[in-house]
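Enquirer: Please read through the structure below; I'll follow up with questions.
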Amino acid sequence: MGFNLILCYHPNLVLAVLLLFSCSFGLFSANDEVGTGQGETFTVSSFSYPETRLRPFDLRYIRVDLPPWFSALSIALKSDVDIDISRIERVPTRTLPIICFRDGSPPLPDALNTSLKDSATSGINGLDVEQCFPMQKNITMKLTNNQISPGVWYIGLFNGIGPTRTQSKMIIRGPSYSFIANISVEACTNSMMRGDFCNSTVYPLSCEASDVSNALETKVNKSMLENLVTCKSNSEAFCVHEGVPNFFSLDIMNVAEEIIITATNIRFNVTSSNDVSLMCFVRHGAMPSVTSNDYSIDVAKSPLVIHSPLIGRWYISIVPVNLTKTQVSNVRVCYSVESQVLQCPLGKAGPNCIMDSYLLQTFVRRGSTPFESYYLPVGGASYDSANFPLEPLLKNSSYIGESDSIWTYFLLDIPRGAAGGNIHIQLSSDTKIGYEVYARFGGLPSLDIWDYYYANKTRRSDPSMFFTLYDSSDTKVNFYIMYAREGTWGFGLRHLNSNSDYMKGLNIMSISLERCPKRCSSHGDCKFSFDASGLTSYSFCSCDRNHGGFDCSIEIVTHQGHVRQSVFLIVSNAAAILPAYWALRKKALAEWVLYTSSGISSGLYHACDVGTWCALSYNVLQFMDFWLSFMAVISTFLYLTTIDEVFKRAIHTAVAILTALMAATKATRSSNVILVIVIGALGLFVGWLIEISTKYRSLSFPIGISFNFSHCLQTIKRWLYNLVKTLLRRYHLAFALAGFTALAMAAISWTLETSESYWFWHSIWHITIYTSSFFFLCSKANIEDSETTHPTDGNYELTHQDSLPRSG
């Protein structure tokens with residue numbers, strides 16, 4: 001939250017400031033001298049990310065580190081996304097590719113309440129919060145230090161958002177896209193230069209311990225003055241014309257209570273009796289201006305006081321306005337800038353340093369996931385768990401006076417690379433909780449300045465993806481701060497009215513850094529990965545079939561729907577009885593074993609897949625289902641041949657090896673279905689060739705080549721006639737047509753499968769594919785008797801071989 005502290009002054013003065021400051025911003029140095037190296041930059045870092053493909057529901061994070069002295073961030077992304085921004089509302093969010101930006105930690109766009117209409121290149125200004133835009137074919141932007149703050153920035157690329165993004169899916173189908181990214185960070189060659197073109201000189205304020213002035217001693221608590229630090233510029237005075245800004249920087253390294261910015265030794269270079277206005281604009285992390293600032297005041301009238309300033313670099317701009325109009329054209333105002341940083345003694349914080357402050361020590365948890373830890377007060381009692389009682393820490397707190405103004409503060413540090421973790425805060429009492437919890441990154445919170453807070457069931461931070469409340473009652477509070485920024489966090493416990501109900505109970509607090517909120521609500525597995533640079537690990541939930549959301553708390557499939565899907569997917573495999581029965585009737589025992597095993601393994605696999613029961617490990621069941629299914633399809637083709645069992649065993653062995661490799665590597669890809677059918681048809685063709693070369697001896701071919709067209713045509717017609725006659729004698733046409741029809745229906749159901757309708761169309765696939773195998777098996781005629789009683793006389797017709805041995 002940002003707060004502007006603005007004095008009330010005449011409207012004409014405001015207009016003058018807007019006009020003069022916008023015209024003169026960054027054009028002059030403090031003393032009308034051009035700084036050396038003005039406008040020159042160099043590349044701090046440059047990363048080129050290779051082509052990366054995002055499948056449906058995939059995501060990718062890119063971390064960008066911006067040093068305090070950076071000048072500009074350049075981003076260039078190219079992708080194969082082709083989306084019309086004007087029609088973006090027609091695209092479902094679950095299939096919409098988007099790009100998000102966030103300062104400090106990875107973005108989480110699944111619960112966006114804003115529309116995604118704007119283009120990234122046009123709506124990127126003012127990145128003080130997470131912003132997301134539709135992904136486009138080309139995105140090129142340059143963000144300067146006037147627009148964004150230094151630190152860590154994250155770019156997130158998502159292929160679909162929403163609760164179903166984390167849901168475990170039986171199949172993943174949908175549009176995918178690829179992108180290439182080039183990101184570079186530039187800095188000004190002269191470390192004292194800033195601005196869009198590195199043409200604004202920034203004077204750092206050097207800090208050192210100093211004596212306390214009489215004016216400050218009468219206003220500030222004595223304990224705060226013990227750690228007073230005064231910061232000044234190396235130049236004693238700055239003399240500038242009206243409207244010419246001077247820029248200064250101040251580094252706050254630790255938690256401070258106040259910053260007091262004053263302008264001293266104000267004078268004119270010519271005699272003047274009128275007052276001057278020195279407008280001061282202050283901004284944390286970026287260059288200030290009239291329109292972009294955190295605080296503003298006329299420091300010629302009174303100093304600027306910033307309570308609980310954030311840790312980091314502050315930029316200060318001072319612009320003289322309303323100078324005296326005299327006969328002298330070269331009138332200038334001279335002034336000095338001074339800043340006092342007031343800090344409390346160790347263990348104290350808050351106004352006048354009367355509140356208790358505790359530094360929390362990190363205790364790393366041992367486990368397979370990185371950065372999991374919990375926090376306990378340094379030098380406190382020995383605690384056996386992550387919980388610590390509050391009463392021993394609050395024993396010195398005084399409840400005399402306004403008890404609602406009493407706070408207790410805790411400070412902790414999130415290490416570098418742990419921005420993908422979540423801060424988990426728990427507060428419980430055996431009677432009634434008597435505290436409100438406030439959190440702030442980079443400083444101490446208060447009633448006016450905070451990032452997240454919880455007061456009661458009705459008063460808390462606005463619902464967002466980064467503040468998730470799970471338990472809220474009079475005796476227990478449980479919430480998470482999602483993807484917490486790395487660095488210093490301040491937590492404040494505001495004591496409620498010290499009535500009897502609040503003071504009698506025992507209050508227990510717990511603060512920890514965890515990977516997945518609520519352990520994925522017991523409906524999924526917590527996993528972690530790394531961003532594209534490998535510098536930050538982030539956690540995410542991989543939910544089961546029935547749940548989704550970032551914490552698997554959203555029920556996507558109801559219990560009744562789960563039962564219905566399970567029944568369809570498991571029972572539909574009973575269609576394997578049809579081909580298994582026919583194979584057993586024809587004493588084709590190998591095919592009978594395959595069909596029976598395929599139906600059983602498919603039923604067991606889908607029972608495990610939907611979370612009903614797993615007879616073996618999931619990977620084993622998946623391999624068996626796909627492998628036996630591939631073998632069953634190919635065996636159907638091989639059954640239609642009449643080659644000897646010796647050749648069939650050889651072909652089966654070769655096919656078994658090939659299909660096992662297919663099932664072990666990318667078994668779920670759609671191209672496997674076409675590949676299996678091609679292999680089966682090839683096996684049938686090879687079987688026919690073997691049958692022709694081994695069983696039939698009476699094949700006569702013309703010795704010469706006839707150039708008589710009519711003779712050749714008659715020969716081809718006779719060959720086709722004999723081939724069709726043989727096929728009609730070998731196969732029942734009606735069953736063959738029924739088999740092709742069922743196979744076409746199976747192909748249609750396969751193409752209609754989506755993540756949402758998979759359970760229905762895949763069940764139809766089971767029924768139609770097994771039914772097609774049954775019809776194909778029935779289409780093979782018993783030609784043993786027919787071919788022995790009706791010997792062929794054609795040259796190209798397949799005839800049955802005599803079974804009697806012949807002597808040489």
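Within each chain, counting starts at residue 1; across the structure tokens, chains are named A, B, ... in the order shown, with ligands numbered 1 upward in that order.
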Which neighbours of Val673 in chain A fall inside 12 Å, counting only C-alpha atoms, when residues of the same chain fewer than 3 positions from it are skipped, and could you give them as a list of chain:residue names?

Expert: A:Phe626, A:Trp627, A:Ser629, A:Phe630, A:Met631, A:Val633, A:Ile634, A:Thr659, A:Met662, A:Ala663, A:Ala667, A:Thr668, A:Arg669, A:Ser670, A:Val676, A:Ile677, A:Val678, A:Ile679, A:Gly680, A:Leu743, A:Ala746, A:Ala747, A:Trp750, A:Thr751, A:Trp765, A:Ile769

Enquirer: Could you give me the residues within range 402-560 of chain A that DSSP places in strand (DSSP E or B), as JSON, numbers by chain?

Expert: {"A": [407, 408, 409, 410, 411, 412, 413, 414, 420, 422, 423, 424, 425, 426, 427, 428, 429, 435, 436, 437, 438, 439, 440, 441, 452, 453, 454, 460, 464, 467, 468, 469, 470, 471, 472, 476, 477, 478, 479, 480, 481, 487, 488, 489, 490, 491, 492, 493, 494, 495, 507, 508, 509, 510, 511, 512, 513, 514, 524, 525, 526, 527, 528, 529, 530, 537, 538, 539, 540, 541, 542, 543, 547, 548, 554, 555]}

Enquirer: Using only C-alpha atoms, which residues sit within 12 Å of Lys518 in chain A once same-chain residues fewer than 4 positions away are excluded, as number ranges by chain?

Expert: A: 422-426, 468-471, 478-482, 513-514, 522-526, 540-541, 550-553

Enquirer: Please dump the current selection as a JSON list (two decimals), in the first residue's frame; keep N, CA, C and O atoms.

Expert:
```json
[["chain", "number", "residue", "atom", "x", "y", "z"],
["A", 422, "ASN", "N", 5.69, -20.58, 0.53],
["A", 422, "ASN", "CA", 4.54, -19.92, 1.12],
["A", 422, "ASN", "C", 4.74, -19.76, 2.62],
["A", 422, "ASN", "O", 5.14, -20.71, 3.30],
["A", 423, "ILE", "N", 4.48, -18.55, 3.13],
["A", 423, "ILE", "CA", 4.55, -18.31, 4.57],
["A", 423, "ILE", "C", 3.23, -18.76, 5.20],
["A", 423, "ILE", "O", 2.16, -18.31, 4.81],
["A", 424, "HIS", "N", 3.35, -19.65, 6.17],
["A", 424, "HIS", "CA", 2.18, -20.20, 6.85],
["A", 424, "HIS", "C", 2.13, -19.65, 8.27],
["A", 424, "HIS", "O", 3.06, -19.84, 9.04],
["A", 425, "ILE", "N", 1.05, -18.94, 8.60],
["A", 425, "ILE", "CA", 0.88, -18.34, 9.92],
["A", 425, "ILE", "C", -0.31, -19.00, 10.60],
["A", 425, "ILE", "O", -1.40, -19.09, 10.03],
["A", 426, "GLN", "N", -0.07, -19.47, 11.82],
["A", 426, "GLN", "CA", -1.14, -20.07, 12.63],
["A", 426, "GLN", "C", -1.14, -19.40, 14.00],
["A", 426, "GLN", "O", -0.08, -19.15, 14.58],
["A", 468, "THR", "N", -4.48, -16.49, 1.47],
["A", 468, "THR", "CA", -5.46, -17.58, 1.51],
["A", 468, "THR", "C", -5.76, -17.92, 2.96],
["A", 468, "THR", "O", -4.87, -18.36, 3.70],
["A", 469, "LEU", "N", -7.00, -17.70, 3.36],
["A", 469, "LEU", "CA", -7.44, -17.98, 4.72],
["A", 469, "LEU", "C", -8.16, -19.33, 4.76],
["A", 469, "LEU", "O", -9.06, -19.59, 3.97],
["A", 470, "TYR", "N", -7.74, -20.19, 5.70],
["A", 470, "TYR", "CA", -8.35, -21.51, 5.80],
["A", 470, "TYR", "C", -9.21, -21.66, 7.06],
["A", 470, "TYR", "O", -10.32, -22.17, 6.99],
["A", 471, "ASP", "N", -8.69, -21.24, 8.19],
["A", 471, "ASP", "CA", -9.46, -21.35, 9.44],
["A", 471, "ASP", "C", -9.63, -19.96, 10.03],
["A", 471, "ASP", "O", -8.67, -19.19, 10.13],
["A", 478, "ASN", "N", -5.68, -19.46, 10.69],
["A", 478, "ASN", "CA", -4.76, -20.23, 9.85],
["A", 478, "ASN", "C", -4.80, -19.66, 8.45],
["A", 478, "ASN", "O", -5.81, -19.77, 7.76],
["A", 479, "PHE", "N", -3.70, -19.02, 8.00],
["A", 479, "PHE", "CA", -3.68, -18.47, 6.65],
["A", 479, "PHE", "C", -2.27, -18.56, 6.07],
["A", 479, "PHE", "O", -1.28, -18.76, 6.78],
["A", 480, "TYR", "N", -2.21, -18.41, 4.73],
["A", 480, "TYR", "CA", -0.97, -18.49, 3.99],
["A", 480, "TYR", "C", -0.75, -17.19, 3.21],
["A", 480, "TYR", "O", -1.71, -16.57, 2.73],
["A", 481, "ILE", "N", 0.51, -16.80, 3.10],
["A", 481, "ILE", "CA", 0.93, -15.77, 2.15],
["A", 481, "ILE", "C", 1.65, -16.49, 1.03],
["A", 481, "ILE", "O", 2.74, -17.03, 1.20],
["A", 482, "MET", "N", 1.02, -16.53, -0.14],
["A", 482, "MET", "CA", 1.49, -17.35, -1.24],
["A", 482, "MET", "C", 2.68, -16.72, -1.94],
["A", 482, "MET", "O", 2.71, -15.51, -2.18],
["A", 513, "LEU", "N", 7.79, -21.66, 6.65],
["A", 513, "LEU", "CA", 7.89, -21.54, 5.20],
["A", 513, "LEU", "C", 7.64, -22.92, 4.62],
["A", 513, "LEU", "O", 8.43, -23.84, 4.84],
["A", 514, "GLU", "N", 6.55, -23.07, 3.89],
["A", 514, "GLU", "CA", 6.14, -24.37, 3.36],
["A", 514, "GLU", "C", 6.05, -24.32, 1.85],
["A", 514, "GLU", "O", 5.91, -23.24, 1.25],
["A", 522, "SER", "N", -4.85, -32.70, 0.97],
["A", 522, "SER", "CA", -4.95, -34.17, 0.95],
["A", 522, "SER", "C", -5.61, -34.70, -0.32],
["A", 522, "SER", "O", -6.12, -35.82, -0.34],
["A", 523, "HIS", "N", -5.59, -33.89, -1.37],
["A", 523, "HIS", "CA", -6.17, -34.32, -2.65],
["A", 523, "HIS", "C", -5.15, -34.25, -3.78],
["A", 523, "HIS", "O", -5.54, -34.18, -4.95],
["A", 524, "GLY", "N", -3.87, -34.29, -3.45],
["A", 524, "GLY", "CA", -2.86, -34.23, -4.49],
["A", 524, "GLY", "C", -1.47, -34.36, -3.90],
["A", 524, "GLY", "O", -1.30, -34.55, -2.68],
["A", 525, "ASP", "N", -0.49, -34.27, -4.74],
["A", 525, "ASP", "CA", 0.91, -34.37, -4.34],
["A", 525, "ASP", "C", 1.59, -33.02, -4.52],
["A", 525, "ASP", "O", 1.36, -32.32, -5.51],
["A", 526, "CYS", "N", 2.43, -32.67, -3.55],
["A", 526, "CYS", "CA", 3.19, -31.43, -3.63],
["A", 526, "CYS", "C", 4.48, -31.68, -4.39],
["A", 526, "CYS", "O", 5.28, -32.56, -4.03],
["A", 540, "PHE", "N", 4.21, -26.51, -6.43],
["A", 540, "PHE", "CA", 2.87, -26.54, -7.00],
["A", 540, "PHE", "C", 2.23, -27.87, -6.65],
["A", 540, "PHE", "O", 2.92, -28.86, -6.37],
["A", 541, "CYS", "N", 0.90, -27.88, -6.68],
["A", 541, "CYS", "CA", 0.14, -29.08, -6.36],
["A", 541, "CYS", "C", -0.25, -29.80, -7.64],
["A", 541, "CYS", "O", -0.70, -29.17, -8.60],
["A", 550, "PHE", "N", -5.01, -24.16, -6.96],
["A", 550, "PHE", "CA", -3.60, -24.13, -6.56],
["A", 550, "PHE", "C", -3.34, -24.97, -5.31],
["A", 550, "PHE", "O", -2.23, -25.41, -5.07],
["A", 551, "ASP", "N", -4.38, -25.24, -4.50],
["A", 551, "ASP", "CA", -4.22, -26.06, -3.31],
["A", 551, "ASP", "C", -5.10, -27.31, -3.34],
["A", 551, "ASP", "O", -5.30, -27.95, -2.30],
["A", 552, "CYS", "N", -5.64, -27.64, -4.49],
["A", 552, "CYS", "CA", -6.48, -28.84, -4.68],
["A", 552, "CYS", "C", -7.74, -28.79, -3.81],
["A", 552, "CYS", "O", -8.29, -29.84, -3.43],
["A", 553, "SER", "N", -8.21, -27.61, -3.48],
["A", 553, "SER", "CA", -9.38, -27.49, -2.61],
["A", 553, "SER", "C", -10.69, -27.37, -3.39],
["A", 553, "SER", "O", -11.77, -27.40, -2.78]]
```

Enquirer: For range 156-171 of chain A, please output as a ChimeraX atom specification all residues within 8 Å (counting only C-alpha atoms; exclusion window: fewer than 6 positions along the same chain).

Expert: /A:54-62,93-101,106-107,109-111,177,541-550,552,554,556,609,668,754-755,758

Enquirer: Write out as a PyMOL selection string which residues come within 12 Å of Thr362 in chain A when counting only C-alpha atoms, dropping same-chain ones fewer than 2 positions away.

Expert: chain A and resi 359-360+364-365+371-378+386+411-415+511-513

Enquirer: Tell me, in Å to one decimal, how far CA of Ile508 in chain A is from CA of Ser428 in chain A.

Expert: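 Atom-to-atom, CA of Ile508 in chain A and CA of Ser428 in chain A are spaced 5.3 Å apart.
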
Enquirer: Out of A:Thr230, A:Ser510, A:Thr43, A:Thr201, which residue has the shortest atom-to-atom distance to Ser385 in chain A when counting only C-alpha atoms?

Expert: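 Once distances to Ser385 in chain A are computed over only C-alpha atoms, the minimum belongs to A:Ser510.
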
Enquirer: Which residues come within 12 Å of Val571 in chain A, counting only C-alpha atoms, excluding same-chain residues fewer than 6 positions away, as a ChimeraX atom specification?

Expert: /A:563-565,577,599-600,602-604,606-607,759-760,762-764,766-767

Enquirer: For a quick check of understanding, using only C-alpha atoms, which of A:Leu496, A:Leu427, A:Val646, A:Leu684 has the smallest distance to Thr475 in chain A?

Expert: A:Leu427

Enquirer: What does the distance between CA of Asn672 in chain A and CA of Lys780 in chain A come to in Å, to one decimal place?

Expert: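 CA of Lys780 in chain A lies at a distance of 26.1 Å from CA of Asn672 in chain A.
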
Enquirer: So which residues of range 436-607 of chain A fall under alpha helix (DSSP H) by DSSP, listed as a ChimeraX atom specification?

Expert: /A:500-503,559-571,577-585,589-607

Enquirer: To one decimal place in Å, what is the distance between CA of Val319 in chain A and CA of Asn246 in chain A?

Expert: 6.7 Å
